[in-house]
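Student: Contents of query_29.pdb (PDB, C-alpha atoms):
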```pdb
ATOM      1  CA  MET Y   1     249.948  53.822  78.656
ATOM      2  CA  LEU Y   2     251.719  57.107  77.862
ATOM      3  CA  LYS Y   3     254.964  55.237  77.140
ATOM      4  CA  LYS Y   4     253.309  52.862  74.664
ATOM      5  CA  SER Y   5     251.227  55.510  72.943
ATOM      6  CA  LEU Y   6     254.233  57.868  72.754
ATOM      7  CA  ALA Y   7     256.260  55.113  71.084
ATOM      8  CA  LEU Y   8     253.377  54.507  68.679
ATOM      9  CA  GLY Y   9     253.062  58.251  68.054
ATOM     10  CA  LEU Y  10     256.767  58.648  67.312
ATOM     11  CA  VAL Y  11     256.984  55.610  65.027
ATOM     12  CA  SER Y  12     253.774  56.438  63.159
ATOM     13  CA  GLY Y  13     254.871  60.087  62.887
ATOM     14  CA  LEU Y  14     258.232  59.007  61.497
ATOM     15  CA  LEU Y  15     256.615  56.638  58.987
ATOM     16  CA  ALA Y  16     254.108  59.332  57.980
ATOM     17  CA  GLY Y  17     257.012  61.728  57.503
ATOM     18  CA  ILE Y  18     258.920  59.282  55.301
ATOM     19  CA  ALA Y  19     255.752  58.587  53.289
ATOM     20  CA  GLY Y  20     255.209  62.355  52.967
ATOM     21  CA  ILE Y  21     258.753  62.956  51.729
ATOM     22  CA  ILE Y  22     258.462  60.167  49.141
ATOM     23  CA  TYR Y  23     255.069  61.512  48.049
ATOM     24  CA  ALA Y  24     256.452  65.075  47.756
ATOM     25  CA  HIS Y  25     259.269  63.831  45.495
ATOM     26  CA  LEU Y  26     256.795  61.857  43.388
ATOM     27  CA  TYR Y  27     254.519  64.885  43.155
ATOM     28  CA  TYR Y  28     257.405  67.056  42.011
ATOM     29  CA  THR Y  29     258.427  64.501  39.378
ATOM     30  CA  ILE Y  30     254.893  64.175  38.016
ATOM     31  CA  ASN Y  31     253.777  67.826  38.153
ATOM     32  CA  GLU Y  32     257.086  69.705  38.136
ATOM     33  CA  ALA Y  33     255.690  71.761  40.983
ATOM     34  CA  ASP Y  34     258.444  72.563  43.455
ATOM     35  CA  PHE Y  35     257.228  73.529  46.913
ATOM     36  CA  SER Y  36     260.443  72.629  48.716
ATOM     37  CA  LYS Y  37     260.797  76.214  49.972
ATOM     38  CA  VAL Y  38     257.568  75.971  51.974
ATOM     39  CA  ALA Y  39     257.299  72.208  52.506
ATOM     40  CA  SER Y  40     260.898  71.091  52.883
ATOM     41  CA  THR Y  41     261.965  67.583  53.919
ATOM     42  CA  ILE Y  42     262.557  68.803  57.478
ATOM     43  CA  ASN Y  43     259.160  70.556  57.594
ATOM     44  CA  ILE Y  44     257.309  67.447  56.408
ATOM     45  CA  LEU Y  45     259.115  65.222  58.901
ATOM     46  CA  ALA Y  46     258.646  67.656  61.797
ATOM     47  CA  ALA Y  47     254.937  68.170  61.053
ATOM     48  CA  SER Y  48     254.342  64.415  60.849
ATOM     49  CA  LEU Y  49     256.170  63.781  64.120
ATOM     50  CA  PHE Y  50     254.196  66.615  65.725
ATOM     51  CA  GLY Y  51     250.965  64.955  64.558
ATOM     52  CA  GLY Y  52     252.079  61.574  65.920
ATOM     53  CA  VAL Y  53     253.091  62.951  69.326
ATOM     54  CA  LEU Y  54     249.891  65.011  69.582
ATOM     55  CA  ALA Y  55     247.896  61.859  68.820
ATOM     56  CA  ALA Y  56     249.787  59.987  71.528
ATOM     57  CA  ILE Y  57     248.969  62.642  74.142
ATOM     58  CA  GLY Y  58     245.327  62.777  72.996
ATOM     59  CA  TYR Y  59     244.990  58.990  73.082
ATOM     60  CA  THR Y  60     246.454  58.748  76.592
ATOM     61  CA  LEU Y  61     244.178  61.479  77.954
ATOM     62  CA  LEU Y  62     240.992  60.113  76.339
ATOM     63  CA  ASP Y  63     241.838  56.564  77.436
ATOM     64  CA  LYS Y  64     242.262  57.826  80.975
ATOM     65  CA  TRP Y  65     239.063  59.920  81.054
ATOM     66  CA  LEU Y  66     236.651  57.819  79.018
ATOM     67  CA  LYS Y  67     238.066  54.328  79.761
ATOM     68  CA  THR Y  68     236.492  51.830  77.316
ATOM     69  CA  ARG Y  69     234.956  54.514  75.071
ATOM     70  CA  GLY Y  70     238.219  56.418  74.903
ATOM     71  CA  GLU Y  71     239.527  54.597  71.842
ATOM     72  CA  ILE Y  72     236.456  55.084  69.668
ATOM     73  CA  VAL Y  73     236.227  58.764  70.615
ATOM     74  CA  PHE Y  74     239.948  59.156  69.885
ATOM     75  CA  ASN Y  75     239.605  57.539  66.444
ATOM     76  CA  LEU Y  76     236.713  59.826  65.632
ATOM     77  CA  VAL Y  77     238.527  62.969  66.865
ATOM     78  CA  PHE Y  78     241.796  62.046  65.079
ATOM     79  CA  THR Y  79     239.968  61.544  61.772
ATOM     80  CA  LEU Y  80     237.948  64.741  62.244
ATOM     81  CA  ILE Y  81     241.050  66.804  63.037
ATOM     82  CA  SER Y  82     242.778  65.361  59.962
ATOM     83  CA  PHE Y  83     239.814  66.480  57.835
ATOM     84  CA  ILE Y  84     239.546  69.938  59.421
ATOM     85  CA  SER Y  85     243.273  70.505  59.025
ATOM     86  CA  LEU Y  86     242.751  70.355  55.236
ATOM     87  CA  LEU Y  87     241.501  73.928  55.425
ATOM     88  CA  ALA Y  88     245.028  75.129  56.193
ATOM     89  CA  PRO Y  89     246.681  74.178  52.857
ATOM     90  CA  ILE Y  90     243.601  75.343  50.946
ATOM     91  CA  ALA Y  91     243.610  78.780  52.598
ATOM     92  CA  VAL Y  92     247.362  79.307  52.874
ATOM     93  CA  ARG Y  93     249.008  82.134  50.933
ATOM     94  CA  LEU Y  94     252.349  81.054  49.565
ATOM     95  CA  PRO Y  95     255.177  83.466  48.779
ATOM     96  CA  ARG Y  96     254.350  85.004  45.402
ATOM     97  CA  ASN Y  97     257.572  83.880  43.803
ATOM     98  CA  ILE Y  98     256.311  80.306  44.020
ATOM     99  CA  ASP Y  99     254.633  79.286  40.788
ATOM    100  CA  THR Y 100     251.430  77.262  40.501
ATOM    101  CA  PRO Y 101     250.124  77.684  44.075
ATOM    102  CA  GLU Y 102     246.964  75.907  42.885
ATOM    103  CA  LEU Y 103     248.968  72.653  42.936
ATOM    104  CA  PHE Y 104     250.008  73.082  46.581
ATOM    105  CA  PRO Y 105     246.857  71.646  48.231
ATOM    106  CA  GLY Y 106     247.140  68.585  45.976
ATOM    107  CA  MET Y 107     250.536  67.872  47.433
ATOM    108  CA  VAL Y 108     249.831  68.589  51.079
ATOM    109  CA  ILE Y 109     246.262  67.315  51.558
ATOM    110  CA  PRO Y 110     247.129  63.594  51.332
ATOM    111  CA  MET Y 111     249.975  64.172  53.817
ATOM    112  CA  HIS Y 112     247.468  65.359  56.396
ATOM    113  CA  PHE Y 113     246.057  61.825  56.529
ATOM    114  CA  PHE Y 114     249.405  60.034  56.748
ATOM    115  CA  PRO Y 115     249.818  60.316  60.560
ATOM    116  CA  ALA Y 116     246.296  58.927  61.158
ATOM    117  CA  LEU Y 117     246.821  56.145  58.610
ATOM    118  CA  ALA Y 118     250.149  55.173  60.155
ATOM    119  CA  TRP Y 119     248.659  55.310  63.671
ATOM    120  CA  PHE Y 120     245.674  53.090  62.829
ATOM    121  CA  THR Y 121     247.904  50.655  60.926
ATOM    122  CA  LEU Y 122     250.567  50.297  63.610
ATOM    123  CA  LYS Y 123     248.375  50.518  66.711
ATOM    124  CA  PRO Y 124     247.810  46.724  67.065
ATOM    125  CA  LEU Y 125     251.596  46.304  67.282
ATOM    126  CA  PHE Y 126     251.919  48.718  70.219
ATOM    127  CA  ILE Y 127     248.577  48.739  72.086
ATOM    128  CA  LYS Y 128     246.269  45.767  72.394
ATOM    129  CA  SER Y 129     242.541  46.491  72.069
ATOM    130  CA  LYS Y 130     240.500  46.211  75.247
TER
ATOM    131  CA  MET Q   1     261.894 116.835 -12.684
ATOM    132  CA  ASN Q   2     264.957 114.621 -12.718
ATOM    133  CA  LYS Q   3     267.056 117.590 -11.668
ATOM    134  CA  LEU Q   4     264.934 118.059  -8.540
ATOM    135  CA  PHE Q   5     264.880 114.380  -7.504
ATOM    136  CA  TYR Q   6     268.329 114.184  -5.921
ATOM    137  CA  PRO Q   7     268.181 117.508  -4.049
ATOM    138  CA  ILE Q   8     264.735 116.638  -2.648
ATOM    139  CA  ALA Q   9     265.859 113.140  -1.702
ATOM    140  CA  ALA Q  10     268.946 114.589   0.020
ATOM    141  CA  VAL Q  11     266.800 117.045   2.006
ATOM    142  CA  LEU Q  12     264.363 114.290   3.020
ATOM    143  CA  ILE Q  13     267.147 111.948   4.146
ATOM    144  CA  LEU Q  14     268.790 114.772   6.073
ATOM    145  CA  ALA Q  15     265.501 115.693   7.760
ATOM    146  CA  ALA Q  16     264.720 112.067   8.634
ATOM    147  CA  SER Q  17     268.187 111.516  10.077
ATOM    148  CA  ALA Q  18     267.812 114.651  12.199
ATOM    149  CA  PHE Q  19     264.639 113.227  13.755
ATOM    150  CA  THR Q  20     266.419 110.021  14.707
ATOM    151  CA  PHE Q  21     268.525 112.092  17.095
ATOM    152  CA  LEU Q  22     265.287 113.234  18.785
ATOM    153  CA  SER Q  23     263.997 109.726  19.535
ATOM    154  CA  ALA Q  24     264.975 108.359  22.945
ATOM    155  CA  PRO Q  25     267.233 105.327  23.301
ATOM    156  CA  GLY Q  26     265.591 101.951  23.581
ATOM    157  CA  TRP Q  27     265.787  99.730  26.648
ATOM    158  CA  GLN Q  28     265.297  95.994  26.957
ATOM    159  CA  ILE Q  29     263.161  94.814  29.865
ATOM    160  CA  ALA Q  30     265.394  92.541  31.952
ATOM    161  CA  ASP Q  31     264.503  89.644  34.248
ATOM    162  CA  GLY Q  32     263.742  90.436  37.861
ATOM    163  CA  TYR Q  33     260.945  92.896  37.230
ATOM    164  CA  SER Q  34     258.097  93.140  39.688
ATOM    165  CA  ILE Q  35     254.526  94.253  39.053
ATOM    166  CA  SER Q  36     252.592  93.994  42.282
ATOM    167  CA  PHE Q  37     249.200  95.186  43.463
ATOM    168  CA  THR Q  38     247.985  95.634  47.012
ATOM    169  CA  ASN Q  39     245.053  96.784  49.031
ATOM    170  CA  ASP Q  40     243.662  95.771  52.412
ATOM    171  CA  GLU Q  41     241.938  92.645  51.081
ATOM    172  CA  ALA Q  42     243.790  91.575  47.983
ATOM    173  CA  SER Q  43     247.373  91.494  46.876
ATOM    174  CA  GLY Q  44     249.483  89.726  44.332
ATOM    175  CA  ILE Q  45     251.805  90.025  41.395
ATOM    176  CA  PHE Q  46     251.704  89.725  37.634
ATOM    177  CA  LYS Q  47     254.512  87.490  36.460
ATOM    178  CA  ASP Q  48     254.500  88.201  32.716
ATOM    179  CA  PHE Q  49     255.275  91.645  31.436
ATOM    180  CA  LYS Q  50     256.722  92.830  28.138
ATOM    181  CA  GLY Q  51     256.840  95.853  25.901
ATOM    182  CA  THR Q  52     258.823  98.658  24.366
ATOM    183  CA  VAL Q  53     260.626 101.192  26.509
ATOM    184  CA  LEU Q  54     262.187 104.308  24.990
ATOM    185  CA  PHE Q  55     263.611 106.710  27.519
ATOM    186  CA  ASP Q  56     266.229 109.416  27.741
ATOM    187  CA  GLU Q  57     266.933 111.001  31.104
ATOM    188  CA  GLN Q  58     267.999 114.243  29.431
ATOM    189  CA  ASN Q  59     265.001 114.358  27.135
ATOM    190  CA  PRO Q  60     262.063 112.580  28.776
ATOM    191  CA  ALA Q  61     259.584 114.175  26.351
ATOM    192  CA  ALA Q  62     260.976 111.946  23.600
ATOM    193  CA  GLY Q  63     260.326 108.827  25.667
ATOM    194  CA  LYS Q  64     257.683 106.242  24.935
ATOM    195  CA  PHE Q  65     256.311 103.306  26.931
ATOM    196  CA  ASP Q  66     254.156 100.629  25.345
ATOM    197  CA  VAL Q  67     253.847  97.764  27.774
ATOM    198  CA  VAL Q  68     251.579  94.784  28.219
ATOM    199  CA  ILE Q  69     250.846  92.688  31.303
ATOM    200  CA  ASP Q  70     249.505  89.159  30.906
ATOM    201  CA  VAL Q  71     246.453  88.952  33.178
ATOM    202  CA  THR Q  72     246.601  85.146  33.291
ATOM    203  CA  SER Q  73     249.996  85.409  35.002
ATOM    204  CA  ILE Q  74     248.422  86.805  38.167
ATOM    205  CA  ASN Q  75     249.698  85.179  41.354
ATOM    206  CA  THR Q  76     248.163  85.949  44.724
ATOM    207  CA  GLY Q  77     249.950  83.055  46.431
ATOM    208  CA  ASN Q  78     246.718  81.061  46.674
ATOM    209  CA  GLY Q  79     245.377  78.843  43.907
ATOM    210  CA  LEU Q  80     241.704  79.469  44.656
ATOM    211  CA  GLN Q  81     242.238  83.231  44.743
ATOM    212  CA  ASN Q  82     244.129  83.111  41.449
ATOM    213  CA  LYS Q  83     241.198  81.301  39.847
ATOM    214  CA  HIS Q  84     238.767  83.780  41.368
ATOM    215  CA  ALA Q  85     240.824  86.784  40.203
ATOM    216  CA  LYS Q  86     240.893  85.462  36.624
ATOM    217  CA  SER Q  87     237.143  84.758  36.618
ATOM    218  CA  ASP Q  88     234.545  87.021  34.982
ATOM    219  CA  GLU Q  89     233.743  88.428  38.431
ATOM    220  CA  TRP Q  90     237.129  90.197  38.478
ATOM    221  CA  PHE Q  91     239.632  90.469  35.621
ATOM    222  CA  ASP Q  92     237.768  88.158  33.207
ATOM    223  CA  ALA Q  93     241.103  86.968  31.830
ATOM    224  CA  ALA Q  94     239.474  84.841  29.122
ATOM    225  CA  LYS Q  95     237.875  87.938  27.572
ATOM    226  CA  TYR Q  96     240.495  90.542  28.516
ATOM    227  CA  PRO Q  97     243.814  88.696  28.684
ATOM    228  CA  GLN Q  98     245.989  91.820  28.752
ATOM    229  CA  ILE Q  99     246.517  95.039  30.658
ATOM    230  CA  HIS Q 100     247.940  97.567  28.226
ATOM    231  CA  PHE Q 101     249.595 100.924  28.850
ATOM    232  CA  VAL Q 102     250.649 103.267  26.052
ATOM    233  CA  SER Q 103     252.241 106.577  26.939
ATOM    234  CA  ARG Q 104     251.202 109.821  25.308
ATOM    235  CA  SER Q 105     253.553 112.229  27.060
ATOM    236  CA  MET Q 106     256.433 112.128  29.478
ATOM    237  CA  ALA Q 107     258.014 114.900  31.526
ATOM    238  CA  ARG Q 108     260.051 115.626  34.602
ATOM    239  CA  GLY Q 109     257.868 115.878  37.698
ATOM    240  CA  GLY Q 110     257.958 115.347  41.443
ATOM    241  CA  ASN Q 111     261.153 113.580  42.447
ATOM    242  CA  GLY Q 112     261.570 111.993  39.045
ATOM    243  CA  TYR Q 113     259.383 111.789  35.995
ATOM    244  CA  GLN Q 114     255.747 111.466  35.121
ATOM    245  CA  VAL Q 115     254.310 109.534  32.242
ATOM    246  CA  THR Q 116     250.751 110.091  31.087
ATOM    247  CA  GLY Q 117     249.048 107.633  28.824
ATOM    248  CA  ASP Q 118     246.147 105.288  28.298
ATOM    249  CA  LEU Q 119     245.775 102.396  30.680
ATOM    250  CA  GLU Q 120     243.498  99.674  29.379
ATOM    251  CA  MET Q 121     242.231  97.055  31.809
ATOM    252  CA  HIS Q 122     239.189  94.828  31.584
ATOM    253  CA  GLY Q 123     238.274  96.432  28.256
ATOM    254  CA  VAL Q 124     238.155  99.955  29.741
ATOM    255  CA  LYS Q 125     240.666 102.574  28.620
ATOM    256  CA  LYS Q 126     241.417 105.472  30.986
ATOM    257  CA  PRO Q 127     243.994 108.257  30.917
ATOM    258  CA  THR Q 128     246.448 107.581  33.722
ATOM    259  CA  THR Q 129     249.509 109.355  35.059
ATOM    260  CA  ILE Q 130     252.274 107.286  36.579
ATOM    261  CA  PRO Q 131     255.066 108.950  38.553
ATOM    262  CA  PHE Q 132     258.349 107.089  38.280
ATOM    263  CA  THR Q 133     262.037 107.299  38.903
ATOM    264  CA  PHE Q 134     264.931 105.982  36.895
ATOM    265  CA  LYS Q 135     268.137 104.869  38.535
ATOM    266  CA  LYS Q 136     271.172 103.991  36.454
ATOM    267  CA  THR Q 137     272.926 100.717  37.237
ATOM    268  CA  ALA Q 138     275.994  98.968  35.895
ATOM    269  CA  GLN Q 139     273.840  96.870  33.567
ATOM    270  CA  GLY Q 140     271.473  99.661  32.523
ATOM    271  CA  GLY Q 141     268.898 101.037  34.895
ATOM    272  CA  VAL Q 142     265.808 100.444  36.978
ATOM    273  CA  PHE Q 143     262.433 102.118  36.556
ATOM    274  CA  THR Q 144     260.425 102.330  39.758
ATOM    275  CA  GLY Q 145     256.893 103.626  39.979
ATOM    276  CA  SER Q 146     253.906 103.529  42.230
ATOM    277  CA  PHE Q 147     250.343 104.644  41.593
ATOM    278  CA  THR Q 148     246.786 103.898  42.628
ATOM    279  CA  VAL Q 149     243.798 103.003  40.477
ATOM    280  CA  ASN Q 150     240.155 102.623  41.387
ATOM    281  CA  ARG Q 151     239.174  99.104  40.383
ATOM    282  CA  SER Q 152     235.549 100.124  39.718
ATOM    283  CA  ASP Q 153     236.705 102.714  37.167
ATOM    284  CA  PHE Q 154     237.775  99.755  35.079
ATOM    285  CA  GLY Q 155     234.739  97.609  35.928
ATOM    286  CA  ILE Q 156     236.841  95.142  37.923
ATOM    287  CA  GLY Q 157     234.794  93.454  40.628
ATOM    288  CA  LYS Q 158     231.515  94.694  41.972
ATOM    289  CA  PRO Q 159     231.450  98.259  43.297
ATOM    290  CA  GLY Q 160     231.710  98.314  47.090
ATOM    291  CA  GLY Q 161     231.973  94.922  48.717
ATOM    292  CA  GLU Q 162     234.788  93.614  50.851
ATOM    293  CA  VAL Q 163     237.639  94.553  48.542
ATOM    294  CA  PRO Q 164     238.367  98.298  48.801
ATOM    295  CA  GLU Q 165     238.158 100.381  45.611
ATOM    296  CA  PRO Q 166     241.711 101.795  45.510
ATOM    297  CA  VAL Q 167     244.367  99.337  44.468
ATOM    298  CA  LYS Q 168     248.016 100.359  44.729
ATOM    299  CA  LEU Q 169     250.340  99.214  41.995
ATOM    300  CA  ASP Q 170     254.072  99.040  42.560
ATOM    301  CA  ILE Q 171     256.292  98.606  39.584
ATOM    302  CA  SER Q 172     259.990  97.920  39.419
ATOM    303  CA  VAL Q 173     261.491  97.210  36.024
ATOM    304  CA  PRO Q 174     265.199  96.648  35.498
ATOM    305  CA  VAL Q 175     266.310  97.385  31.963
ATOM    306  CA  THR Q 176     269.400  96.937  29.856
ATOM    307  CA  LYS Q 177     270.458  98.936  26.804
ATOM    308  CA  SER Q 178     269.015  97.417  23.663
TER
END
```
Go ahead and render the structure in this file as structure tokens.
Tutor:
Amino acid sequence: MLKKSLALGLVSGLLAGIAGIIYAHLYYTINEADFSKVASTINILAASLFGGVLAAIGYTLLDKWLKTRGEIVFNLVFTLISFISLLAPIAVRLPRNIDTPELFPGMVIPMHFFPALAWFTLKPLFIKSK
Amino acid sequence: MNKLFYPIAAVLILAASAFTFLSAPGWQIADGYSISFTNDEASGIFKDFKGTVLFDEQNPAAGKFDVVIDVTSINTGNGLQNKHAKSDEWFDAAKYPQIHFVSRSMARGGNGYQVTGDLEMHGVKKPTTIPFTFKKTAQGGVFTGSFTVNRSDFGIGKPGGEVPEPVKLDISVPVTKS
């Protein structure tokens, strides 16, 4: 199970990262708000992959401990963590030479849901439901 | 009467031109300035700053500062805090959009100079003394100063509370000859 969920985690993390990078470029074009110093391409990709791999480990553990109820608990926990993680970009203090910090949460908040979205979308391709 | 006109005019012009030698040279505020404030709970910068700077190292008494900070340019690094700082609970930027300092006297003091003037924030004007130094550079010079104000003296924020009363201001202003 770990092998399959790790593959799913890596692929969904990679896709979430690519989606995040595209979204960041779009956001910059629309709002002219450049946060590349704090949310660079590498940072977005690394954070998304981290989220995907963490989800893979969490899924494997919950599936092992809770058997049939593992998946539903995992889905709930993954969504909850995605929501709770929104507090980070809202509370973060950016370097003061970065203009318009009020636009930062608007860029990062959607990205926090990309790993979960990618995971739920791709899961049927990697792991069959019980 | 006509006979007196030219002599009087000559004396007046001479007297006026003598006073121009007493006024300090003017400086242009250059990019790269920094106006920051800090205390244990709040810190940030003001990004927009402009004004008139007259200063002569040899004759500081002839100097004059008249500078304005745009309160709406406050940046704490956090959007919510910026909004909060500009609200009527703190700076009330809509009603008091500027922080204004006009010097009244300037003299040598401490390790550099001291300027005393009126600092107006949040609609409250208070006499304030700012110690500063001036360092010459290839392009002109840099004024550096640091002083502390009590936010409640200016009616900024509620007295007491989480944010301590003293707020330290650090100023660094590069200038070029105007």
Student: One decimal, in Å: what's the spacing between atom CA of Ser12 of chain Y and atom CA of Ile127 of chain Y?
Tutor: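 Taking atom CA of Ser12 of chain Y and atom CA of Ile127 of chain Y, their separation equals 12.9 Å.
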Student: Can you turn the PyMOL selection byres ((chain Y and resi 34-50) around 8) into a concrete residue list for this file, as a list in words?
Tutor: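 In the shown coordinates, the PyMOL selection byres ((chain Y and resi 34-50) around 8) covers Gly9, Leu10, Ser12, Gly13, Leu14, Ala16, Gly17, Ile18, Gly20, Ile21, Tyr28, Glu32, Ala33, Gly51, Gly52, Val53, Leu54, Leu94, Ile98, Phe104, Phe114 and Pro115 of chain Y.
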Student: Smallest atom-to-atom distance to Ala88 of chain Y: which of Y:Thr100, Y:His112, Y:Arg69, Y:Asn31, using all atoms listed in the file?
Tutor: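 Under the stated criterion, the closest residue is Y:His112.
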Student: Interatomic distance between atom CA of Ser146 of chain Q and atom CA of Gly123 of chain Q?
Tutor: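 That distance, rounded to one decimal, is 22.1 Å.
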Student: Could you work out which residues of chain Y fall inside 9 Å of chain Q? Count only C-alpha atoms, and format the result as a tab-separated table (two decimals) with C-alpha atoms, in the frame of the given file.
Tutor:
```tsv
chain	number	residue	atom	x	y	z
Y	90	ILE	CA	243.60	75.34	50.95
Y	91	ALA	CA	243.61	78.78	52.60
Y	92	VAL	CA	247.36	79.31	52.87
Y	93	ARG	CA	249.01	82.13	50.93
Y	94	LEU	CA	252.35	81.05	49.56
Y	95	PRO	CA	255.18	83.47	48.78
Y	96	ARG	CA	254.35	85.00	45.40
Y	97	ASN	CA	257.57	83.88	43.80
Y	98	ILE	CA	256.31	80.31	44.02
Y	99	ASP	CA	254.63	79.29	40.79
Y	100	THR	CA	251.43	77.26	40.50
Y	101	PRO	CA	250.12	77.68	44.08
Y	102	GLU	CA	246.96	75.91	42.88
Y	103	LEU	CA	248.97	72.65	42.94
Y	104	PHE	CA	250.01	73.08	46.58
Y	105	PRO	CA	246.86	71.65	48.23
```
Student: Please, what distance in Å, to one decimal, runs between atom CA of Met106 of chain Q and atom CA of Phe147 of chain Q?
Tutor: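 Atom CA of Phe147 of chain Q lies 15.5 Å from atom CA of Met106 of chain Q.
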Student: Excluding Met107 of chain Y and its own-chain neighbours fewer than 6 positions away, which residues fall within 8 Å of it when counting all atoms listed in the file? Please give them as a list in words.
Tutor: Tyr23, Ala24 and Tyr27 of chain Y
